[in-house]
file input-v5.cif (mmCIF, C-alpha atoms)
data_coords
#
loop_
_atom_site.label_atom_id
_atom_site.label_comp_id
_atom_site.auth_asym_id
_atom_site.auth_seq_id
_atom_site.Cartn_x
_atom_site.Cartn_y
_atom_site.Cartn_z
CA MET A 18 113.94 55.88 20.65
CA ARG A 19 116.18 54.85 23.50
CA VAL A 20 115.95 54.92 27.29
CA THR A 21 118.04 53.71 30.21
CA ALA A 22 116.43 50.65 31.79
CA ASN A 23 117.93 48.40 34.47
CA GLY A 24 121.26 50.13 33.87
CA LEU A 25 121.23 49.43 30.10
CA ASP A 26 120.32 51.33 26.97
CA ILE A 27 117.12 49.84 25.56
CA GLU A 28 115.90 50.73 22.08
CA TYR A 29 112.11 50.78 21.77
CA GLU A 30 109.21 51.89 19.58
CA THR A 31 105.50 52.39 20.21
CA THR A 32 102.38 52.28 18.09
CA GLY A 33 98.66 52.45 18.70
CA PRO A 34 96.62 54.92 20.78
CA GLN A 35 98.86 56.81 23.20
CA HIS A 36 96.37 56.49 26.04
CA GLY A 37 95.38 52.89 25.36
CA PRO A 38 96.24 50.16 27.85
CA PRO A 39 99.97 49.45 27.50
CA LEU A 40 100.97 46.14 25.94
CA LEU A 41 104.59 45.01 25.94
CA LEU A 42 105.59 42.65 23.15
CA VAL A 43 108.71 40.71 24.13
CA ASN A 44 110.61 39.20 21.23
CA GLY A 45 112.37 35.88 20.97
CA PHE A 46 115.91 34.58 20.74
CA SER A 47 118.24 36.81 18.71
CA VAL A 48 115.31 38.69 17.15
CA GLN A 49 115.33 42.46 16.74
CA LEU A 50 112.26 44.68 17.07
CA THR A 51 112.24 45.21 13.31
CA ARG A 52 111.24 41.57 12.83
CA TRP A 53 107.76 42.11 14.28
CA PRO A 54 105.40 42.03 11.27
CA ALA A 55 103.78 45.44 10.88
CA GLY A 56 100.40 43.79 10.46
CA TYR A 57 100.80 41.93 13.75
CA LEU A 58 101.46 45.20 15.57
CA ASP A 59 98.53 46.83 13.77
CA ALA A 60 96.21 44.07 14.94
CA PHE A 61 96.98 44.89 18.58
CA ALA A 62 96.83 48.64 17.95
CA ASP A 63 93.44 48.23 16.26
CA ALA A 64 92.28 46.38 19.37
CA GLY A 65 93.02 49.57 21.34
CA PHE A 66 96.39 48.75 22.89
CA ARG A 67 99.38 51.08 23.15
CA VAL A 68 101.90 48.62 21.76
CA ILE A 69 105.51 48.79 22.98
CA ILE A 70 108.25 46.80 21.23
CA PHE A 71 111.96 46.82 22.03
CA ASP A 72 115.32 45.23 21.40
CA ASN A 73 116.29 42.83 24.16
CA ARG A 74 119.76 43.27 25.63
CA ASP A 75 122.54 42.08 23.32
CA VAL A 76 120.61 42.48 20.05
CA GLY A 77 119.61 45.34 17.79
CA LEU A 78 120.40 48.81 19.09
CA SER A 79 120.19 47.97 22.80
CA SER A 80 123.26 47.58 25.01
CA LYS A 81 125.77 44.83 24.23
CA LEU A 82 127.25 43.07 27.23
CA ASP A 83 130.57 42.02 25.72
CA ALA A 84 132.37 42.63 29.00
CA LEU A 85 130.60 39.54 30.39
CA GLY A 86 132.40 37.26 27.94
CA THR A 87 131.13 35.00 25.20
CA PRO A 88 130.22 31.36 25.89
CA ALA A 89 131.19 28.84 23.24
CA VAL A 90 128.57 26.58 21.71
CA VAL A 91 129.99 23.62 23.63
CA ASP A 92 129.58 25.58 26.87
CA VAL A 93 125.97 26.38 26.00
CA ALA A 94 125.21 22.74 25.23
CA SER A 95 126.90 21.39 28.35
CA ARG A 96 126.18 24.33 30.69
CA ARG A 97 129.73 23.93 31.99
CA VAL A 98 130.17 27.64 32.64
CA PRO A 99 127.92 30.11 34.46
CA ALA A 100 125.53 32.07 32.26
CA PRO A 101 126.55 35.72 31.81
CA TYR A 102 122.99 36.66 32.73
CA SER A 103 119.58 35.08 33.18
CA LEU A 104 116.11 35.35 31.72
CA GLY A 105 115.22 36.95 35.05
CA ASP A 106 117.72 39.71 34.33
CA MET A 107 116.06 40.20 30.95
CA ALA A 108 112.67 40.36 32.65
CA ASP A 109 114.07 43.08 34.90
CA ASP A 110 115.13 44.99 31.76
CA THR A 111 111.47 44.89 30.77
CA ALA A 112 110.43 46.26 34.15
CA GLY A 113 113.07 48.97 33.77
CA LEU A 114 111.61 49.92 30.40
CA LEU A 115 108.21 50.39 32.03
CA ASP A 116 109.87 52.58 34.69
CA ALA A 117 111.52 54.72 32.02
CA LEU A 118 108.21 55.16 30.22
CA GLY A 119 106.34 56.01 33.42
CA ILE A 120 104.09 52.95 33.19
CA ASP A 121 103.03 51.22 36.40
CA SER A 122 101.75 48.00 34.83
CA ALA A 123 101.13 46.48 31.43
CA HIS A 124 99.75 43.53 29.54
CA VAL A 125 102.80 41.42 28.69
CA VAL A 126 102.96 39.19 25.60
CA GLY A 127 106.08 37.23 24.69
CA THR A 128 106.95 34.90 21.83
CA SER A 129 109.36 31.96 22.18
CA MET A 130 112.24 33.18 24.39
CA GLY A 131 110.11 36.29 24.85
CA GLY A 132 107.40 34.05 26.29
CA MET A 133 109.92 32.73 28.81
CA ILE A 134 110.82 36.34 29.68
CA ALA A 135 107.12 37.24 29.97
CA GLN A 136 106.66 34.33 32.40
CA ALA A 137 109.69 35.47 34.41
CA PHE A 138 108.35 39.02 34.42
CA ALA A 139 104.98 37.89 35.79
CA ILE A 140 106.73 35.78 38.45
CA ARG A 141 109.15 38.54 39.50
CA HIS A 142 106.83 41.52 39.03
CA PRO A 143 103.25 40.29 39.52
CA GLU A 144 102.01 43.70 40.64
CA ARG A 145 103.09 45.15 37.31
CA THR A 146 101.54 42.42 35.17
CA ARG A 147 97.93 43.08 34.16
CA THR A 148 97.84 39.92 32.06
CA MET A 149 100.50 37.57 30.74
CA THR A 150 100.42 35.80 27.38
CA SER A 151 103.00 33.16 26.49
CA VAL A 152 103.18 32.45 22.75
CA MET A 153 104.94 29.36 21.28
CA SER A 154 107.04 29.10 24.43
CA THR A 155 107.71 26.72 27.32
CA SER A 156 107.65 26.39 31.09
CA GLY A 157 111.10 24.81 31.02
CA ALA A 158 109.71 21.62 32.54
CA PRO A 159 111.97 18.60 32.02
CA ASN A 160 111.11 15.63 29.83
CA LEU A 161 109.12 17.62 27.27
CA ALA A 162 109.50 16.75 23.60
CA PRO A 163 112.76 18.03 22.08
CA PRO A 164 113.07 20.09 18.90
CA THR A 165 113.27 18.28 15.60
CA PRO A 166 116.87 17.75 14.50
CA GLU A 167 116.33 20.15 11.57
CA ALA A 168 115.00 22.92 13.84
CA LEU A 169 117.83 22.52 16.34
CA ALA A 170 120.41 22.57 13.55
CA VAL A 171 119.27 25.92 12.13
CA LEU A 172 119.32 27.50 15.59
CA LEU A 173 122.85 26.29 16.35
CA GLN A 174 124.46 26.87 12.96
CA ALA A 175 127.45 29.20 12.79
CA PRO A 176 126.70 32.47 10.99
CA ALA A 177 127.88 32.84 7.42
CA ASP A 178 130.78 35.17 6.66
CA THR A 179 128.76 37.55 4.46
CA VAL A 180 125.58 39.56 4.84
CA ASP A 181 123.99 37.79 1.88
CA GLY A 182 124.93 34.43 3.32
CA ARG A 183 123.42 35.27 6.70
CA VAL A 184 120.24 36.54 5.08
CA GLU A 185 119.85 33.23 3.24
CA GLN A 186 120.50 31.37 6.50
CA ALA A 187 117.73 33.40 8.16
CA VAL A 188 115.31 32.59 5.35
CA GLU A 189 116.07 28.89 5.59
CA ALA A 190 115.77 28.97 9.38
CA ALA A 191 112.37 30.67 9.13
CA ARG A 192 111.25 28.08 6.60
CA VAL A 193 112.25 25.21 8.90
CA LEU A 194 110.60 26.83 11.94
CA TRP A 195 107.43 27.37 9.89
CA GLY A 196 106.93 23.65 10.37
CA ASP A 197 104.49 21.44 8.51
CA SER A 198 102.04 24.30 8.13
CA PRO A 199 99.34 24.82 5.50
CA PHE A 200 99.79 28.58 5.78
CA PRO A 201 101.85 30.01 2.90
CA PHE A 202 105.44 30.91 3.69
CA ASP A 203 106.34 34.32 2.22
CA GLU A 204 109.97 33.91 1.19
CA ASP A 205 110.35 37.43 -0.24
CA GLU A 206 108.97 39.11 2.85
CA THR A 207 111.15 36.96 5.08
CA ARG A 208 114.26 37.76 3.05
CA GLU A 209 113.53 41.51 3.17
CA ALA A 210 113.01 41.46 6.93
CA ALA A 211 116.21 39.45 7.44
CA ALA A 212 118.18 41.92 5.30
CA VAL A 213 116.92 44.83 7.41
CA SER A 214 118.02 43.05 10.58
CA GLU A 215 121.46 42.18 9.22
CA LYS A 216 122.15 45.77 8.19
CA ARG A 217 120.84 47.12 11.48
CA CYS A 218 122.93 44.88 13.74
CA PHE A 219 125.07 41.76 13.54
CA HIS A 220 126.35 40.70 16.95
CA PRO A 221 126.83 36.93 17.31
CA ASP A 222 128.48 37.22 20.75
CA GLY A 223 125.25 38.66 22.14
CA VAL A 224 123.27 35.85 20.55
CA ALA A 225 125.49 33.31 22.32
CA ARG A 226 124.82 34.98 25.67
CA GLN A 227 121.06 34.90 25.04
CA MET A 228 121.32 31.21 24.17
CA MET A 229 123.11 30.57 27.46
CA ALA A 230 120.35 32.37 29.36
CA ILE A 231 117.81 30.02 27.78
CA ALA A 232 119.93 26.91 28.36
CA THR A 233 120.34 27.63 32.08
CA ALA A 234 116.81 28.95 32.78
CA GLY A 235 115.57 25.81 34.52
CA ASP A 236 112.02 24.75 35.30
CA ARG A 237 109.49 27.52 36.05
CA THR A 238 106.58 25.15 36.76
CA GLU A 239 106.41 25.69 40.52
CA ALA A 240 106.84 29.47 40.24
CA LEU A 241 104.16 29.67 37.55
CA GLY A 242 101.77 28.08 40.03
CA SER A 243 101.89 31.29 42.08
CA LEU A 244 100.51 33.52 39.32
CA GLU A 245 97.13 35.08 40.00
CA MET A 246 96.66 37.44 37.06
CA PRO A 247 94.78 36.29 33.94
CA CYS A 248 97.12 34.26 31.74
CA LEU A 249 96.90 32.94 28.20
CA VAL A 250 98.99 30.39 26.34
CA LEU A 251 98.96 30.44 22.52
CA HIS A 252 100.65 27.56 20.72
CA GLY A 253 100.67 25.84 17.36
CA ASP A 254 100.21 22.14 16.79
CA VAL A 255 103.10 21.84 14.29
CA ASP A 256 105.81 23.72 16.18
CA PRO A 257 109.13 22.01 15.36
CA ILE A 258 111.25 23.75 18.01
CA LEU A 259 108.86 23.73 21.00
CA PRO A 260 106.23 21.07 20.27
CA LEU A 261 102.69 21.51 21.54
CA GLY A 262 103.42 19.73 24.82
CA HIS A 263 105.46 22.76 25.90
CA GLY A 264 102.43 25.01 25.61
CA GLU A 265 100.21 22.46 27.31
CA ALA A 266 102.66 22.16 30.22
CA THR A 267 102.84 25.95 30.56
CA ALA A 268 99.06 26.29 30.71
CA ALA A 269 98.75 23.38 33.16
CA ALA A 270 101.25 25.04 35.50
CA ILE A 271 99.32 28.32 35.77
CA PRO A 272 96.06 28.32 37.77
CA GLY A 273 93.17 29.25 35.50
CA ALA A 274 95.32 29.78 32.41
CA ILE A 275 93.58 29.65 29.04
CA LEU A 276 95.21 27.46 26.39
CA THR A 277 94.44 28.20 22.74
CA VAL A 278 95.90 25.83 20.16
CA PHE A 279 96.16 27.03 16.56
CA GLU A 280 95.96 24.30 13.95
CA GLY A 281 98.75 24.62 11.40
CA MET A 282 100.83 27.14 13.36
CA GLY A 283 104.52 26.29 13.67
CA HIS A 284 107.16 28.36 15.42
CA SER A 285 105.96 31.38 13.53
CA LEU A 286 103.32 34.10 13.28
CA PRO A 287 101.29 33.46 10.10
CA ARG A 288 99.39 36.54 8.93
CA GLU A 289 96.19 34.48 8.88
CA LEU A 290 96.36 34.31 12.70
CA TRP A 291 97.33 37.90 13.56
CA ALA A 292 93.77 39.05 14.22
CA ASP A 293 93.06 35.88 16.24
CA HIS A 294 96.08 36.50 18.48
CA ALA A 295 95.08 40.13 19.08
CA GLU A 296 91.47 39.18 19.78
CA ALA A 297 92.52 36.51 22.29
CA VAL A 298 94.76 38.97 24.15
CA ALA A 299 92.06 41.65 24.10
CA ASP A 300 89.57 39.15 25.55
CA LEU A 301 92.10 38.28 28.24
CA ALA A 302 92.60 41.98 29.02
CA GLY A 303 88.88 42.19 29.69
CA LEU A 304 89.40 39.76 32.58
CA ALA A 305 92.07 41.93 34.23
CA ARG A 306 91.37 44.07 37.24
CA PRO A 307 91.08 47.77 36.42
CA SER A 308 94.47 49.46 36.81
#
call {"tool": "encode", "arguments": {"input": "input-v5.cif", "output": "structure tokens"}}
result
Amino acid sequence: MRVTANGLDIEYETTGPQHGPPLLLVNGFSVQLTRWPAGYLDAFADAGFRVIIFDNRDVGLSSKLDALGTPAVVDVASRRVPAPYSLGDMADDTAGLLDALGIDSAHVVGTSMGGMIAQAFAIRHPERTRTMTSVMSTSGAPNLAPPTPEALAVLLQAPADTVDGRVEQAVEAARVLWGDSPFPFDEDETREAAAVSEKRCFHPDGVARQMMAIATAGDRTEALGSLEMPCLVLHGDVDPILPLGHGEATAAAIPGAILTVFEGMGHSLPRELWADHAEAVADLAGLARPS
């Protein structure tokens, strides 16, 4: 399904009880809505939420902003050129999606870049944020631990020339981001999901623009200090791209935020933790003011 939101076409899907409290799941860098594990969505639906997933701008079936130009990798790394758009703009897309669906406010959960967008959404649209959950993400504070060289390399690698090659790159990237985790990595499932994404949309220029939005996002620490809604930070202790200190800094910046650290979770969503994530968000929702 597709709606116009913030002047863009946004592709979205819903699951769970139609009249349940709305929960927006905001995906991470370059990731399409098809990459959400079905069981992860089911865990939130079983908790009673009306779950809304969508393609961020520049990926999947949502609008591509090619007219804004494509930053080169060197420009992303050095920030020598202005970003085509910001994470704040992407947060406003999320607000526009709520408008299009006739929803006044929602529980907002974001993973990785999606966690940054969820934070920006709560900062820019506090009246529309029932609760905010930031998963394996960061406040953008300076001097936090950097990614491992292996994790950074798989994020910055140039895409292969063939679909099969890109699928194998995606599998290897997922394996690296899994980190030093005791949870089993399902290579076949990962390969199948990557193949679906590659056939659905391949748009590296959009990925570059998203990367620039992340690189120029800055430090949200002070702004996070203004949040008054219930907030939750979920993070793993073996995350190779955003080490645990990023989650700890995010939680420390938000008054009253709850920090839950999952032992053995990397930059990933292991099936063994799906129910725990949904339960933590449902408990947080119980702290929200009736809306």
call {"tool": "resolve_selection", "arguments": {"input": "input-v5.cif", "expression": "the PyMOL selection byres ((chain A and resi 215-226) around 7)", "output": "ChimeraX atom specification"}}
result
/A:47,75-77,81,87-88,101,180,211-214,227-230
call {"tool": "residues_near_point", "arguments": {"input": "input-v5.cif", "point": "(107.2, 47.6, 31.4)", "cutoff": "9 Å", "atoms": "only C-alpha atoms", "output": "list of chain:residue names"}}
result
A:Pro39, A:Leu40, A:Leu41, A:Ile69, A:Asp109, A:Asp110, A:Thr111, A:Ala112, A:Gly113, A:Leu114, A:Leu115, A:Asp116, A:Ala117, A:Leu118, A:Gly119, A:Ile120, A:Asp121, A:Ser122, A:Ala123, A:His124, A:Val125, A:Arg145, A:Thr146
call {"tool": "closest_residue", "arguments": {"input": "input-v5.cif", "among": "A:Gly273, A:Val48, A:Ala62, A:Val43", "to": "Ala292 of chain A", "atoms": "only C-alpha atoms"}}
result
A:Ala62
call {"tool": "atom_distance", "arguments": {"input": "input-v5.cif", "atom1": "atom CA of Phe200 of chain A", "atom2": "atom CA of Ser129 of chain A"}}
result
19.3 Å
call {"tool": "atom_distance", "arguments": {"input": "input-v5.cif", "atom1": "atom CA of Thr267 of chain A", "atom2": "atom CA of Ser154 of chain A"}}
result
8.1 Å
call {"tool": "closest_residue", "arguments": {"input": "input-v5.cif", "among": "A:Met153, A:Glu167, A:Pro260, A:Arg208", "to": "Arg183 of chain A", "atoms": "only C-alpha atoms"}}
result
A:Arg208
call {"tool": "residues_around", "arguments": {"input": "input-v5.cif", "residues": "His294 of chain A", "least_positions_apart": "2", "cutoff": "12 Å", "atoms": "all atoms listed in the file", "output": "MDAnalysis selection string"}}
result
chainID A and resid 56:61 64 126:128 150:153 249:253 277:279 282 286:292 296:301
call {"tool": "resolve_selection", "arguments": {"input": "input-v5.cif", "expression": "the PyMOL selection byres ((chain A and resi 193-197) around 9)", "output": "PyMOL selection string"}}
result
chain A and resi 167-168+171+188-192+198-200+202+255-258+281-287
call {"tool": "write_last_selection", "arguments": {"input": "input-v5.cif", "atoms": "C-alpha atoms", "output": "short mmCIF file (atom, residue, chain, number, x, y, z; two decimals), in the frame of the given file"}}
result
data_model
loop_
_atom_site.label_atom_id
_atom_site.label_comp_id
_atom_site.auth_asym_id
_atom_site.auth_seq_id
_atom_site.Cartn_x
_atom_site.Cartn_y
_atom_site.Cartn_z
CA GLU A 167 116.33 20.15 11.57
CA ALA A 168 115.00 22.92 13.84
CA VAL A 171 119.27 25.92 12.13
CA VAL A 188 115.31 32.59 5.35
CA GLU A 189 116.07 28.89 5.59
CA ALA A 190 115.77 28.97 9.38
CA ALA A 191 112.37 30.67 9.13
CA ARG A 192 111.25 28.08 6.60
CA SER A 198 102.04 24.30 8.13
CA PRO A 199 99.34 24.82 5.50
CA PHE A 200 99.79 28.58 5.78
CA PHE A 202 105.44 30.91 3.69
CA VAL A 255 103.10 21.84 14.29
CA ASP A 256 105.81 23.72 16.18
CA PRO A 257 109.13 22.01 15.36
CA ILE A 258 111.25 23.75 18.01
CA GLY A 281 98.75 24.62 11.40
CA MET A 282 100.83 27.14 13.36
CA GLY A 283 104.52 26.29 13.67
CA HIS A 284 107.16 28.36 15.42
CA SER A 285 105.96 31.38 13.53
CA LEU A 286 103.32 34.10 13.28
CA PRO A 287 101.29 33.46 10.10
#
call {"tool": "atom_distance", "arguments": {"input": "input-v5.cif", "atom1": "atom CA of Gly105 of chain A", "atom2": "atom CA of His36 of chain A"}}
result
28.6 Å
call {"tool": "resolve_selection", "arguments": {"input": "input-v5.cif", "expression": "the PyMOL selection byres ((chain A and resi 156) around 12)", "output": "PyMOL selection string"}}
result
chain A and resi 129-137+140+151-155+157-161+231+234-242+250+259+261-271
call {"tool": "residues_around", "arguments": {"input": "input-v5.cif", "residues": "Phe71 of chain A", "least_positions_apart": "5", "cutoff": "6 Å", "atoms": "all atoms listed in the file", "output": "list of chain:residue names"}}
result
A:Glu28, A:Tyr29, A:Leu50
call {"tool": "axis_aligned_box", "arguments": {"input": "input-v5.cif", "around": "segment 263-278 of chain A", "padding_each_side": "6 Å", "output": "JSON"}}
result
{"center_x": 99.3, "center_y": 26.0, "center_z": 29.0, "size_x": 24.3, "size_y": 19.6, "size_z": 29.6}
call {"tool": "closest_residue", "arguments": {"input": "input-v5.cif", "among": "A:Ala89, A:Val20, A:Arg52, A:Pro164", "to": "Ala187 of chain A", "atoms": "all atoms listed in the file"}}
result
A:Arg52
call {"tool": "residues_around", "arguments": {"input": "input-v5.cif", "residues": "Gly65 of chain A", "least_positions_apart": "2", "cutoff": "7 Å", "atoms": "only C-alpha atoms", "output": "mmCIF file with C-alpha atoms, in the coordinates of the input"}}
result
data_model
loop_
_atom_site.group_PDB
_atom_site.id
_atom_site.type_symbol
_atom_site.label_atom_id
_atom_site.label_comp_id
_atom_site.auth_asym_id
_atom_site.auth_seq_id
_atom_site.Cartn_x
_atom_site.Cartn_y
_atom_site.Cartn_z
ATOM 1 C CA GLY A 33 98.660 52.450 18.700
ATOM 2 C CA PRO A 34 96.620 54.920 20.780
ATOM 3 C CA GLY A 37 95.380 52.890 25.360
ATOM 4 C CA PHE A 61 96.980 44.890 18.580
ATOM 5 C CA ALA A 62 96.830 48.640 17.950
ATOM 6 C CA ASP A 63 93.440 48.230 16.260
ATOM 7 C CA ARG A 67 99.380 51.080 23.150
#
call {"tool": "decode", "arguments": {"input": "input-v5.cif", "residues": "segment 243-274 of chain A", "atoms": "N, CA and C atoms", "output": "PDB file, in the first residue's frame"}}
result
ATOM      1  N   SER A 243      15.197  16.826  26.548  1.00  0.00           N
ATOM      2  CA  SER A 243      13.892  17.482  26.651  1.00  0.00           C
ATOM      3  C   SER A 243      12.728  16.502  26.605  1.00  0.00           C
ATOM      4  N   LEU A 244      13.001  15.237  26.317  1.00  0.00           N
ATOM      5  CA  LEU A 244      11.914  14.274  26.138  1.00  0.00           C
ATOM      6  C   LEU A 244      11.243  13.958  27.473  1.00  0.00           C
ATOM      7  N   GLU A 245       9.913  13.892  27.432  1.00  0.00           N
ATOM      8  CA  GLU A 245       9.144  13.627  28.645  1.00  0.00           C
ATOM      9  C   GLU A 245       8.313  12.353  28.556  1.00  0.00           C
ATOM     10  N   MET A 246       8.169  11.793  27.357  1.00  0.00           N
ATOM     11  CA  MET A 246       7.407  10.556  27.231  1.00  0.00           C
ATOM     12  C   MET A 246       8.241   9.368  27.701  1.00  0.00           C
ATOM     13  N   PRO A 247       7.617   8.237  28.031  1.00  0.00           N
ATOM     14  CA  PRO A 247       8.404   7.059  28.406  1.00  0.00           C
ATOM     15  C   PRO A 247       9.308   6.617  27.254  1.00  0.00           C
ATOM     16  N   CYS A 248      10.560   6.340  27.572  1.00  0.00           N
ATOM     17  CA  CYS A 248      11.530   5.956  26.547  1.00  0.00           C
ATOM     18  C   CYS A 248      12.299   4.716  27.000  1.00  0.00           C
ATOM     19  N   LEU A 249      12.664   3.921  26.007  1.00  0.00           N
ATOM     20  CA  LEU A 249      13.354   2.663  26.232  1.00  0.00           C
ATOM     21  C   LEU A 249      14.521   2.571  25.270  1.00  0.00           C
ATOM     22  N   VAL A 250      15.631   2.059  25.744  1.00  0.00           N
ATOM     23  CA  VAL A 250      16.802   1.818  24.900  1.00  0.00           C
ATOM     24  C   VAL A 250      17.144   0.336  25.000  1.00  0.00           C
ATOM     25  N   LEU A 251      17.129  -0.354  23.855  1.00  0.00           N
ATOM     26  CA  LEU A 251      17.500  -1.762  23.780  1.00  0.00           C
ATOM     27  C   LEU A 251      18.813  -1.873  23.017  1.00  0.00           C
ATOM     28  N   HIS A 252      19.772  -2.590  23.589  1.00  0.00           N
ATOM     29  CA  HIS A 252      21.089  -2.672  22.949  1.00  0.00           C
ATOM     30  C   HIS A 252      21.740  -4.000  23.297  1.00  0.00           C
ATOM     31  N   GLY A 253      22.579  -4.475  22.389  1.00  0.00           N
ATOM     32  CA  GLY A 253      23.333  -5.688  22.639  1.00  0.00           C
ATOM     33  C   GLY A 253      24.737  -5.384  23.134  1.00  0.00           C
ATOM     34  N   ASP A 254      25.324  -6.361  23.800  1.00  0.00           N
ATOM     35  CA  ASP A 254      26.665  -6.134  24.361  1.00  0.00           C
ATOM     36  C   ASP A 254      27.784  -6.576  23.424  1.00  0.00           C
ATOM     37  N   VAL A 255      27.423  -7.068  22.215  1.00  0.00           N
ATOM     38  CA  VAL A 255      28.462  -7.442  21.244  1.00  0.00           C
ATOM     39  C   VAL A 255      28.197  -6.783  19.890  1.00  0.00           C
ATOM     40  N   ASP A 256      27.650  -5.585  19.922  1.00  0.00           N
ATOM     41  CA  ASP A 256      27.334  -4.855  18.691  1.00  0.00           C
ATOM     42  C   ASP A 256      28.632  -4.332  18.075  1.00  0.00           C
ATOM     43  N   PRO A 257      28.978  -4.765  16.844  1.00  0.00           N
ATOM     44  CA  PRO A 257      30.245  -4.348  16.255  1.00  0.00           C
ATOM     45  C   PRO A 257      30.191  -3.011  15.523  1.00  0.00           C
ATOM     46  N   ILE A 258      28.989  -2.508  15.241  1.00  0.00           N
ATOM     47  CA  ILE A 258      28.889  -1.250  14.499  1.00  0.00           C
ATOM     48  C   ILE A 258      28.603  -0.073  15.436  1.00  0.00           C
ATOM     49  N   LEU A 259      27.752  -0.291  16.432  1.00  0.00           N
ATOM     50  CA  LEU A 259      27.467   0.709  17.456  1.00  0.00           C
ATOM     51  C   LEU A 259      27.639   0.029  18.812  1.00  0.00           C
ATOM     52  N   PRO A 260      28.848  -0.009  19.328  1.00  0.00           N
ATOM     53  CA  PRO A 260      29.099  -0.711  20.591  1.00  0.00           C
ATOM     54  C   PRO A 260      28.198  -0.217  21.725  1.00  0.00           C
ATOM     55  N   LEU A 261      28.140  -1.008  22.780  1.00  0.00           N
ATOM     56  CA  LEU A 261      27.182  -0.788  23.859  1.00  0.00           C
ATOM     57  C   LEU A 261      27.190   0.630  24.397  1.00  0.00           C
ATOM     58  N   GLY A 262      28.344   1.283  24.403  1.00  0.00           N
ATOM     59  CA  GLY A 262      28.407   2.655  24.910  1.00  0.00           C
ATOM     60  C   GLY A 262      27.450   3.599  24.216  1.00  0.00           C
ATOM     61  N   HIS A 263      27.118   3.325  22.960  1.00  0.00           N
ATOM     62  CA  HIS A 263      26.165   4.172  22.237  1.00  0.00           C
ATOM     63  C   HIS A 263      24.779   4.072  22.864  1.00  0.00           C
ATOM     64  N   GLY A 264      24.372   2.860  23.206  1.00  0.00           N
ATOM     65  CA  GLY A 264      23.089   2.693  23.871  1.00  0.00           C
ATOM     66  C   GLY A 264      23.093   3.301  25.259  1.00  0.00           C
ATOM     67  N   GLU A 265      24.190   3.121  25.980  1.00  0.00           N
ATOM     68  CA  GLU A 265      24.283   3.681  27.328  1.00  0.00           C
ATOM     69  C   GLU A 265      24.218   5.203  27.278  1.00  0.00           C
ATOM     70  N   ALA A 266      24.879   5.819  26.296  1.00  0.00           N
ATOM     71  CA  ALA A 266      24.853   7.274  26.173  1.00  0.00           C
ATOM     72  C   ALA A 266      23.457   7.770  25.813  1.00  0.00           C
ATOM     73  N   THR A 267      22.759   7.025  24.964  1.00  0.00           N
ATOM     74  CA  THR A 267      21.392   7.407  24.593  1.00  0.00           C
ATOM     75  C   THR A 267      20.492   7.395  25.811  1.00  0.00           C
ATOM     76  N   ALA A 268      20.553   6.309  26.587  1.00  0.00           N
ATOM     77  CA  ALA A 268      19.705   6.206  27.775  1.00  0.00           C
ATOM     78  C   ALA A 268      20.049   7.279  28.802  1.00  0.00           C
ATOM     79  N   ALA A 269      21.343   7.564  28.963  1.00  0.00           N
ATOM     80  CA  ALA A 269      21.761   8.578  29.937  1.00  0.00           C
ATOM     81  C   ALA A 269      21.273   9.968  29.550  1.00  0.00           C
ATOM     82  N   ALA A 270      21.087  10.201  28.260  1.00  0.00           N
ATOM     83  CA  ALA A 270      20.675  11.528  27.789  1.00  0.00           C
ATOM     84  C   ALA A 270      19.191  11.798  28.015  1.00  0.00           C
ATOM     85  N   ILE A 271      18.386  10.746  28.157  1.00  0.00           N
ATOM     86  CA  ILE A 271      16.932  10.885  28.224  1.00  0.00           C
ATOM     87  C   ILE A 271      16.477  10.731  29.671  1.00  0.00           C
ATOM     88  N   PRO A 272      15.825  11.737  30.238  1.00  0.00           N
ATOM     89  CA  PRO A 272      15.374  11.622  31.632  1.00  0.00           C
ATOM     90  C   PRO A 272      14.449  10.416  31.825  1.00  0.00           C
ATOM     91  N   GLY A 273      14.809   9.560  32.762  1.00  0.00           N
ATOM     92  CA  GLY A 273      13.950   8.433  33.098  1.00  0.00           C
ATOM     93  C   GLY A 273      13.970   7.283  32.118  1.00  0.00           C
ATOM     94  N   ALA A 274      14.833   7.332  31.107  1.00  0.00           N
ATOM     95  CA  ALA A 274      14.846   6.252  30.113  1.00  0.00           C
ATOM     96  C   ALA A 274      15.255   4.934  30.755  1.00  0.00           C
TER      97      ALA A 274
END
